Amino acid sequence: MKFAQTFIKHHVMTILLYILVVVFGFYSFQNLPLALMPSMEVPAAVVYATYPGAGPEDIEQQVTKKLEGAVAGLSGLDTLQSTSSENMAMLVIRFTNDTDMDQAMTDLRDKVAQVKSQLPDDASDPTVMSIDIDSMPVVSVALRGNDLASLQSIAEDEIQPALERLDGVASVDISGGYEQEIAVHTDASRLKGYNLTISSIGQQLGADNIAIPGGDLDNGSQTLAVRTDGEYSSIDDVKNALISLPAGGTVRLSQIADVSMQPKDQDAISKVDGEECIILSVNKQSGSNTAQIAELAKAEFDSLLKSNDSLQWNIVMDQSDYINMTVDNAIQNIWMGVLFAAIVLFLFLRDFGATMAVTIAMPCCILFTFLIMNVLGITLNMMSLGGITLGVGMIVDNSIVVLENIFTYRADGYDRLEACTKGTGEVIGAVIASTLTTVAVFLPIALSGGMAGMMFKEFCITIVALLLSSLIISITLVPLLCYFLLGGTKQQSIKPQGSGATPITEKPLSRAYRSSLNFLITHRWAGVALTVVICIVSVLSVSQAGMELIPEMDEGEVSVTVSMPNGSTMEDTAAIEDRIAAIAVDTIPELEQIYYSTGSSTSIMSSSSGASVTISLVDLDQRDRSSADIAKQLRHDLQDIAGCELTVSTSSTMSMSTDSDISVELTGDDYDQLAETADDLANQISALPDAINVESSAGEQTPRVAVKINRENASRFGLNAATIGGLVRGELTGSTATTLRMNGEEYDVTVAGDEDVATSLDALRSMQIPTMTGGTVPLSMVADVYTELSPQSIVRKNQKETVTITGESESGDSNAIKAAVDDIAAKYELPDGVEVGEGDTAASQIAETTGTLMLALAVAILLVYFILATQFNSFSLPIAIMLILPIGLLGSMILLWPTGNHVSMVALLGVIILAGTVVNSSIVLIDYTLQRRQRGEDKNTAILNACPRRVRPVLMTAMTTILGLVPMVCSSGEGSEMMKPMGVVMDDRYGYLHHRNAVYHPGLLFADRQRRFPPFRPV
């Protein structure tokens, strides 16, 4: 009682405190970083190394297995998967959820460093990196204008350094261009005549183009540094370089080779709207403001390029646009929820002052929450804003309870001060208990591990801060506002009891409610039957809704991934992309921009045989079709393109955190047998009506050239496999001998063999190999040269040969497609030595996440029971109150299927939240019913007298919560798909508010047993 009186008497202090809250709340809101999703640390790491010119088998034997052996003994290791493909080995290491990733990454780097010396000389040093979802590019820009070499130079020398100096930028990647090099193409016949090899020429060029510090020289009173300078300064210096001959004498390089400046082989082709360009991708530092960095990067681009009219730039990807639209949409939903809640209050209370009191308190509560978020370092993202949106209707519950009790005291004739202090003091305990029961359900979620814990931690913290803020405001600010706004005299606008006012229980709606309640009390079978019907309908509805891990969001992009056979040129791949782009332009009227790339100089997954086409769509409010509908149509339109594998999907930020809907793993010792079995099984799975993008990790085998050393012949000429292999590699691939510095630029000097050698098998067989005796022999004399089939990639899981069949569900029903695939796999007759198992599917991740959330639900229910038992000092009464939970939780998902939503992690979170909120109204009803029982009324009479008197605050809190969630449920803006299932689940609660008075009645039977326990005293 004195608590509220203190804040009312010291009203100046109270007002100034909340002015500070408002000011700092606005300041915090302006400074909170913007992000699409919370920062999530995935317990996984990647190790990759390149070995140019090596096939999958060579990569597996010489690189992959050595790296696997090094990291297999890491502490906390969950799974180890490796992929050996052309030119590259990649390991994906997954750790258990409780692993200390900082220590694990340190140990991993140490293990990898130990095997660096065991890898081939031409292999790159292994790169170790953690998987950080938050470090993905925030903005990508296409640069067009001059030739690609000039654009590359401008991007590397001017734009990249300027962007990397920006605060919050981690790195800038460049792709699509090429660099100039000094190409030295040797003449095979002249090398044969002079008895020279490509490797000896490269060694001599490297030794000749060098500057070596010579130390210091005393010259009189001065000490001068000595530098021996032999560096080349022009192309002519390279051409005129003197090459020593084995037999003595020298020959100029230009006499045995063609030396010229030419572009390096392009490792990526990027096009925007059909025009070749350079792509610059800006990566942000973890935890930095995504939207702010994107704006800074775009401003820097504009500043750097506005003085160069010959260059054009346009944005091909900008996370900040979608983030800003999502945040704006969420904030709009928040203020619409506040407006709807205020309208409900006015319709129920019919008092402008009371409505204003709560309406003023709601924004203060939200700003208070922004202040807490700023202190805790929480970003403005879909989860944190979703928590505020969800809590808008809930934050008025405490204020309504306080306000209703103050109204009651005013009606009893108390003056403003007494009504506000006594009314508030009487319900402080109940308000605290009600808030704690709601807060209790969020603690298990925030503390749970796995994806659910990472994804919803900030959601839980935000809504807990919101509820605690509402608790503080309801017992401090609301009494003060009521004191000022409820009128100046005792009887102003309020009729005391006995003055002719119509009792609330005699009003028409109350009489109708009492009649229906009386029917359910006297006909309990009707309540039981209705409960059974609702349970059956709920089960049927949930079974039809299907399941998914995370709701799919429409981010306005459709992606087409092109998989070409190994050995395909980038020009072949680009031609396929051009066909895809032409079809997309003709068939997608919603298309805004199309961007496609072949290979990438910055991606560890890239190769010249893979490519992607990204189709950007107009904003969601400017089109009638979703991105999923457009992707489905495009998938049909592209069926006639042959010679490649096409995967059409919607682009989603959260897609990286989910597994495939279909994943079947085959393990064994014979890789060819695994590949054959996987192809046959994949054909059967792809025949399922709902299966799309079904493919085997083995893929189709592609031809390659094998050089099999004839050891007897080779030994006659003093040759071995290493010597022959090195000569073949140098002839075909070449090597960088040295670097030429010219006009402030650096150019690689690359020495390669005669280009004619790489034109045919016969030319390769005729390649001359120098012998130890000074002569040469054709390669065919010391080796057999022929073609053979080779796998595109070799996958190993936990150091065993593995082939994985993956695919997606067109409808998105992961559980249904998994059941169909499991049925096919169970009936399939496997060859001897082949085992089948389930891979990492979305359904398995759903099951794991569901188990985590169900455990959190059980803990939440237990915590709610503890709080209620402590509050009411009874073991049985909390059970009576919580009897509403089973039907309430099951029935809360009844509308998911009719509204087109799936049972997802977000929807299950809404069910858990109901565990704490659904009992609040029961507390109010049972509390007053027990008070009537203590006055001597029998059980039925107490129910009929108590419920009509307490149903108004119950309906007010329910309606404010429901209407506060209406914007979340009905919103069609960007990002609304993520939180919509939770809003549907929470709004289902409205139907059960009317049914609750029937189903909670059996719980009141416990009231007759209260004599066994200490007397119950309502708070």
# chains A, B, ... in the order shown; residues from 1 in each chain; ligands from 1
>>> residues_around(residues="stretch 716-731 of chain A", least_positions_apart="5", cutoff="7 Å", atoms="only C-alpha atoms", output="short mmCIF file (atom, residue, chain, number, x, y, z; two decimals) with C-alpha atoms, in the first residue's frame")
data_model
loop_
_atom_site.label_atom_id
_atom_site.label_comp_id
_atom_site.auth_asym_id
_atom_site.auth_seq_id
_atom_site.Cartn_x
_atom_site.Cartn_y
_atom_site.Cartn_z
CA ILE A 198 60.55 -25.80 -68.01
CA SER A 199 61.49 -26.19 -64.36
CA ILE A 709 54.21 -44.82 -65.48
CA ALA A 752 54.41 -22.96 -69.18
CA GLY A 753 54.95 -25.47 -71.94
CA ASP A 754 53.96 -25.41 -75.56
CA THR A 771 66.72 -38.07 -69.80
CA MET A 772 69.68 -38.33 -67.48
#
>>> select_by_dssp(residues="stretch 53-196 of chain A", states="alpha helix (DSSP H)", output="number ranges by chain")
A: 56-59, 65-71, 101-114, 148-154, 160-164, 188-194
>>> residues_around(residues="stretch 237-244 of chain A", least_positions_apart="4", cutoff="8 Å", atoms="only C-alpha atoms", output="list of chain:residue names")
A:Ile201, A:Gln204, A:Leu205, A:Tyr232, A:Ser233, A:Gly248, A:Gly249, A:Thr250, A:Val251, A:Arg252, A:Leu253, A:Ser254, A:Val259
>>> write_last_selection(atoms="all heavy atoms", output="short mmCIF file (atom, residue, chain, number, x, y, z; two decimals), in the first residue's frame")
data_model
loop_
_atom_site.label_atom_id
_atom_site.label_comp_id
_atom_site.auth_asym_id
_atom_site.auth_seq_id
_atom_site.Cartn_x
_atom_site.Cartn_y
_atom_site.Cartn_z
N ILE A 201 64.21 -23.48 -66.45
CA ILE A 201 64.03 -22.09 -66.89
C ILE A 201 63.40 -21.27 -65.76
O ILE A 201 63.81 -20.14 -65.47
CB ILE A 201 63.16 -22.04 -68.16
CG1 ILE A 201 63.91 -22.69 -69.34
CG2 ILE A 201 62.78 -20.61 -68.50
CD1 ILE A 201 63.07 -22.82 -70.59
N GLN A 204 65.95 -20.47 -63.06
CA GLN A 204 66.92 -19.45 -63.44
C GLN A 204 66.30 -18.06 -63.44
O GLN A 204 66.95 -17.09 -63.03
CB GLN A 204 67.51 -19.77 -64.82
CG GLN A 204 68.40 -21.01 -64.82
CD GLN A 204 69.19 -21.16 -66.11
OE1 GLN A 204 69.86 -20.20 -66.53
NE2 GLN A 204 69.14 -22.35 -66.72
N LEU A 205 65.04 -17.94 -63.90
CA LEU A 205 64.38 -16.63 -63.87
C LEU A 205 64.20 -16.15 -62.44
O LEU A 205 64.39 -14.96 -62.13
CB LEU A 205 63.02 -16.71 -64.57
CG LEU A 205 63.04 -16.87 -66.10
CD1 LEU A 205 61.62 -17.03 -66.63
CD2 LEU A 205 63.71 -15.65 -66.75
N TYR A 232 64.08 -7.28 -62.56
CA TYR A 232 63.61 -6.85 -63.86
C TYR A 232 62.72 -5.62 -63.69
O TYR A 232 61.99 -5.50 -62.70
CB TYR A 232 62.81 -7.96 -64.55
CG TYR A 232 63.56 -9.26 -64.75
CD1 TYR A 232 62.93 -10.49 -64.60
CD2 TYR A 232 64.90 -9.25 -65.13
CE1 TYR A 232 63.60 -11.68 -64.81
CE2 TYR A 232 65.60 -10.44 -65.33
CZ TYR A 232 64.94 -11.65 -65.16
OH TYR A 232 65.62 -12.82 -65.36
N SER A 233 62.76 -4.74 -64.68
CA SER A 233 61.93 -3.53 -64.61
C SER A 233 61.00 -3.39 -65.80
O SER A 233 60.21 -2.45 -65.86
CB SER A 233 62.84 -2.29 -64.53
OG SER A 233 63.69 -2.22 -65.67
N GLY A 248 76.98 -25.62 -71.57
CA GLY A 248 77.78 -24.41 -71.56
C GLY A 248 77.23 -23.37 -72.50
O GLY A 248 76.54 -23.67 -73.48
N GLY A 249 77.48 -22.13 -72.17
CA GLY A 249 76.94 -21.04 -72.97
C GLY A 249 75.57 -20.60 -72.46
O GLY A 249 75.05 -21.13 -71.47
N THR A 250 74.99 -19.61 -73.13
CA THR A 250 73.69 -19.06 -72.74
C THR A 250 72.84 -18.82 -73.98
O THR A 250 73.36 -18.75 -75.11
CB THR A 250 73.86 -17.73 -71.98
OG1 THR A 250 74.53 -16.78 -72.84
CG2 THR A 250 74.61 -17.91 -70.69
N VAL A 251 71.57 -18.67 -73.76
CA VAL A 251 70.63 -18.32 -74.81
C VAL A 251 69.59 -17.38 -74.21
O VAL A 251 69.24 -17.51 -73.03
CB VAL A 251 69.96 -19.60 -75.39
CG1 VAL A 251 69.16 -20.32 -74.32
CG2 VAL A 251 69.06 -19.25 -76.55
N ARG A 252 69.16 -16.41 -75.00
CA ARG A 252 68.16 -15.47 -74.50
C ARG A 252 66.79 -16.16 -74.44
O ARG A 252 66.47 -17.02 -75.29
CB ARG A 252 68.09 -14.23 -75.39
CG ARG A 252 69.35 -13.40 -75.32
CD ARG A 252 69.16 -12.03 -75.96
NE ARG A 252 70.41 -11.28 -75.96
CZ ARG A 252 70.87 -10.60 -74.92
NH1 ARG A 252 70.15 -10.58 -73.79
NH2 ARG A 252 72.01 -9.94 -74.99
N LEU A 253 66.00 -15.74 -73.44
CA LEU A 253 64.70 -16.36 -73.25
C LEU A 253 63.82 -16.21 -74.49
O LEU A 253 63.06 -17.11 -74.85
CB LEU A 253 64.00 -15.75 -72.02
CG LEU A 253 62.64 -16.34 -71.64
CD1 LEU A 253 62.75 -17.82 -71.31
CD2 LEU A 253 62.03 -15.58 -70.47
N SER A 254 63.90 -15.06 -75.14
CA SER A 254 63.06 -14.82 -76.31
C SER A 254 63.38 -15.77 -77.46
O SER A 254 62.58 -15.92 -78.38
CB SER A 254 63.21 -13.37 -76.77
OG SER A 254 64.56 -13.09 -77.08
N VAL A 259 57.34 -14.56 -75.10
CA VAL A 259 57.12 -13.78 -73.87
C VAL A 259 56.18 -12.63 -74.19
O VAL A 259 56.47 -11.81 -75.08
CB VAL A 259 58.45 -13.24 -73.31
CG1 VAL A 259 58.20 -12.49 -72.00
CG2 VAL A 259 59.43 -14.39 -73.08
#
>>> residues_around(residues="A:Thr6", least_positions_apart="5", cutoff="12 Å", atoms="only C-alpha atoms", output="ChimeraX atom specification")
/A:1,11-14,417,420-421,424-425,475-477,479-480
>>> closest_atom_pairs(of="stretch 665-776 of chain A", to="stretch 157-177 of chain A", cutoff="12 Å", atoms="only C-alpha atoms", output="CSV")
residue,atom,partner,partner_atom,distance
A:Gly744,CA,A:Asp157,CA,10.7
A:Glu745,CA,A:Asp157,CA,9.7
A:Glu746,CA,A:Asp157,CA,11.7
>>> residues_around(residues="stretch 301-312 of chain A", least_positions_apart="5", cutoff="12 Å", atoms="only C-alpha atoms", output="JSON, numbers by chain")
{"A": [139, 140, 141, 142, 143, 144, 145, 146, 147, 148, 150, 151, 154, 155, 157, 158, 159, 160, 161, 162, 163, 164, 166, 272, 275, 276, 277, 278, 280, 281, 282, 294, 295, 296]}
>>> closest_residue(among="A:Ser384, A:Thr941, A:Thr437, A:Ser559", to="A:Cys460", atoms="only C-alpha atoms")
A:Ser384
>>> select_by_dssp(residues="stretch 272-410 of chain A", states="strand (DSSP E or B)", output="VMD selection string")
chain A and resid 272 275 to 276 278 to 284 312 to 318 380
>>> write_last_selection(atoms="all heavy atoms", output="tab-separated table (two decimals), in the first residue's frame")
chain	number	residue	atom	x	y	z
A	272	VAL	N	25.63	-8.94	-64.87
A	272	VAL	CA	24.41	-8.32	-64.37
A	272	VAL	C	23.62	-7.85	-65.57
A	272	VAL	O	24.13	-7.05	-66.38
A	272	VAL	CB	24.70	-7.14	-63.42
A	272	VAL	CG1	23.43	-6.38	-63.09
A	272	VAL	CG2	25.36	-7.64	-62.15
A	275	GLU	N	25.55	-8.21	-68.88
A	275	GLU	CA	26.80	-7.50	-69.11
A	275	GLU	C	27.84	-7.94	-68.08
A	275	GLU	O	27.57	-7.98	-66.88
A	275	GLU	CB	26.57	-5.99	-69.00
A	275	GLU	CG	27.81	-5.16	-69.29
A	275	GLU	CD	27.55	-3.66	-69.17
A	275	GLU	OE1	26.38	-3.27	-69.03
A	275	GLU	OE2	28.53	-2.89	-69.21
A	276	GLU	N	29.06	-8.26	-68.57
A	276	GLU	CA	30.13	-8.70	-67.67
A	276	GLU	C	30.53	-7.58	-66.73
A	276	GLU	O	30.53	-6.40	-67.11
A	276	GLU	CB	31.34	-9.19	-68.47
A	276	GLU	CG	31.11	-10.53	-69.14
A	276	GLU	CD	32.42	-11.18	-69.55
A	276	GLU	OE1	33.45	-10.92	-68.89
A	276	GLU	OE2	32.42	-11.93	-70.53
A	278	ILE	N	32.55	-6.68	-62.54
A	278	ILE	CA	33.29	-7.07	-61.33
A	278	ILE	C	32.31	-7.02	-60.15
A	278	ILE	O	31.52	-6.08	-60.03
A	278	ILE	CB	34.46	-6.11	-61.07
A	278	ILE	CG1	35.48	-6.19	-62.19
A	278	ILE	CG2	35.13	-6.41	-59.73
A	278	ILE	CD1	36.34	-7.41	-62.16
A	279	ILE	N	32.36	-8.03	-59.29
A	279	ILE	CA	31.51	-8.06	-58.11
A	279	ILE	C	32.36	-7.84	-56.87
A	279	ILE	O	33.35	-8.54	-56.65
A	279	ILE	CB	30.75	-9.39	-57.99
A	279	ILE	CG1	29.84	-9.60	-59.20
A	279	ILE	CG2	29.93	-9.43	-56.70
A	279	ILE	CD1	28.73	-8.58	-59.32
A	280	LEU	N	31.99	-6.85	-56.06
A	280	LEU	CA	32.64	-6.59	-54.78
A	280	LEU	C	31.65	-6.89	-53.67
A	280	LEU	O	30.55	-6.32	-53.64
A	280	LEU	CB	33.13	-5.14	-54.68
A	280	LEU	CG	34.23	-4.73	-55.66
A	280	LEU	CD1	33.61	-4.00	-56.85
A	280	LEU	CD2	35.25	-3.82	-54.97
A	281	SER	N	32.03	-7.80	-52.78
A	281	SER	CA	31.17	-8.20	-51.66
A	281	SER	C	31.78	-7.72	-50.36
A	281	SER	O	32.94	-8.03	-50.06
A	281	SER	CB	30.99	-9.72	-51.64
A	281	SER	OG	30.40	-10.18	-52.83
A	282	VAL	N	31.00	-6.98	-49.58
A	282	VAL	CA	31.47	-6.41	-48.32
A	282	VAL	C	31.01	-7.31	-47.18
A	282	VAL	O	29.81	-7.53	-46.99
A	282	VAL	CB	30.92	-4.98	-48.12
A	282	VAL	CG1	31.41	-4.40	-46.80
A	282	VAL	CG2	31.33	-4.08	-49.29
A	283	ASN	N	31.97	-7.85	-46.42
A	283	ASN	CA	31.67	-8.71	-45.28
A	283	ASN	C	31.84	-7.92	-43.98
A	283	ASN	O	32.83	-7.19	-43.82
A	283	ASN	CB	32.62	-9.91	-45.25
A	283	ASN	CG	32.57	-10.70	-46.54
A	283	ASN	OD1	31.52	-11.17	-46.95
A	283	ASN	ND2	33.72	-10.85	-47.19
A	284	LYS	N	30.88	-8.07	-43.09
A	284	LYS	CA	30.92	-7.31	-41.85
A	284	LYS	C	31.56	-8.12	-40.73
A	284	LYS	O	31.62	-9.35	-40.78
A	284	LYS	CB	29.52	-6.88	-41.44
A	284	LYS	CG	28.65	-7.97	-40.83
A	284	LYS	CD	27.26	-7.43	-40.52
A	284	LYS	CE	26.42	-8.47	-39.76
A	284	LYS	NZ	26.84	-8.62	-38.37
A	312	GLN	N	30.27	2.50	-63.91
A	312	GLN	CA	28.90	2.41	-63.41
A	312	GLN	C	28.86	1.34	-62.32
A	312	GLN	O	29.57	0.33	-62.41
A	312	GLN	CB	27.94	2.03	-64.53
A	312	GLN	CG	27.90	3.02	-65.69
A	312	GLN	CD	27.01	2.54	-66.81
A	312	GLN	OE1	26.39	1.50	-66.71
A	312	GLN	NE2	26.95	3.32	-67.88
A	313	TRP	N	28.04	1.56	-61.32
A	313	TRP	CA	27.88	0.55	-60.28
A	313	TRP	C	26.43	0.46	-59.87
A	313	TRP	O	25.70	1.45	-59.89
A	313	TRP	CB	28.76	0.87	-59.07
A	313	TRP	CG	28.37	2.11	-58.30
A	313	TRP	CD1	28.66	3.40	-58.62
A	313	TRP	CD2	27.60	2.15	-57.10
A	313	TRP	NE1	28.15	4.25	-57.69
A	313	TRP	CE2	27.50	3.51	-56.74
A	313	TRP	CE3	27.02	1.19	-56.28
A	313	TRP	CZ2	26.80	3.93	-55.61
A	313	TRP	CZ3	26.34	1.60	-55.14
A	313	TRP	CH2	26.23	2.96	-54.81
A	314	ASN	N	26.03	-0.74	-59.58
A	314	ASN	CA	24.67	-0.95	-59.07
A	314	ASN	C	24.68	-2.11	-58.08
A	314	ASN	O	25.53	-2.99	-58.14
A	314	ASN	CB	23.67	-1.21	-60.20
A	314	ASN	CG	24.06	-2.39	-61.06
A	314	ASN	OD1	25.07	-2.33	-61.76
A	314	ASN	ND2	23.27	-3.46	-61.02
A	315	ILE	N	23.73	-2.09	-57.18
A	315	ILE	CA	23.67	-3.06	-56.08
A	315	ILE	C	22.99	-4.34	-56.56
A	315	ILE	O	21.89	-4.28	-57.13
A	315	ILE	CB	22.92	-2.47	-54.88
A	315	ILE	CG1	23.65	-1.22	-54.37
A	315	ILE	CG2	22.77	-3.49	-53.77
A	315	ILE	CD1	22.87	-0.44	-53.35
A	316	VAL	N	23.64	-5.46	-56.35
A	316	VAL	CA	23.04	-6.75	-56.71
A	316	VAL	C	22.51	-7.48	-55.47
A	316	VAL	O	21.69	-8.39	-55.59
A	316	VAL	CB	24.05	-7.64	-57.46
A	316	VAL	CG1	24.42	-7.01	-58.78
A	316	VAL	CG2	25.30	-7.91	-56.63
A	317	MET	N	23.00	-7.12	-54.29
A	317	MET	CA	22.51	-7.72	-53.05
A	317	MET	C	22.73	-6.74	-51.92
A	317	MET	O	23.80	-6.18	-51.76
A	317	MET	CB	23.23	-9.04	-52.77
A	317	MET	CG	22.64	-9.85	-51.60
A	317	MET	SD	23.21	-9.32	-49.97
A	317	MET	CE	24.90	-9.82	-50.02
A	318	ASP	N	21.67	-6.49	-51.15
A	318	ASP	CA	21.77	-5.55	-50.03
A	318	ASP	C	20.90	-6.07	-48.90
A	318	ASP	O	19.67	-6.00	-48.96
A	318	ASP	CB	21.32	-4.16	-50.46
A	318	ASP	CG	21.52	-3.12	-49.37
A	318	ASP	OD1	22.03	-3.50	-48.30
A	318	ASP	OD2	21.18	-1.95	-49.58
A	380	LEU	N	18.33	-5.07	-32.74
A	380	LEU	CA	16.96	-5.03	-33.24
A	380	LEU	C	16.87	-6.01	-34.40
A	380	LEU	O	17.36	-5.75	-35.50
A	380	LEU	CB	16.60	-3.62	-33.72
A	380	LEU	CG	16.14	-2.60	-32.69
A	380	LEU	CD1	15.85	-1.27	-33.36
A	380	LEU	CD2	14.91	-3.08	-31.95
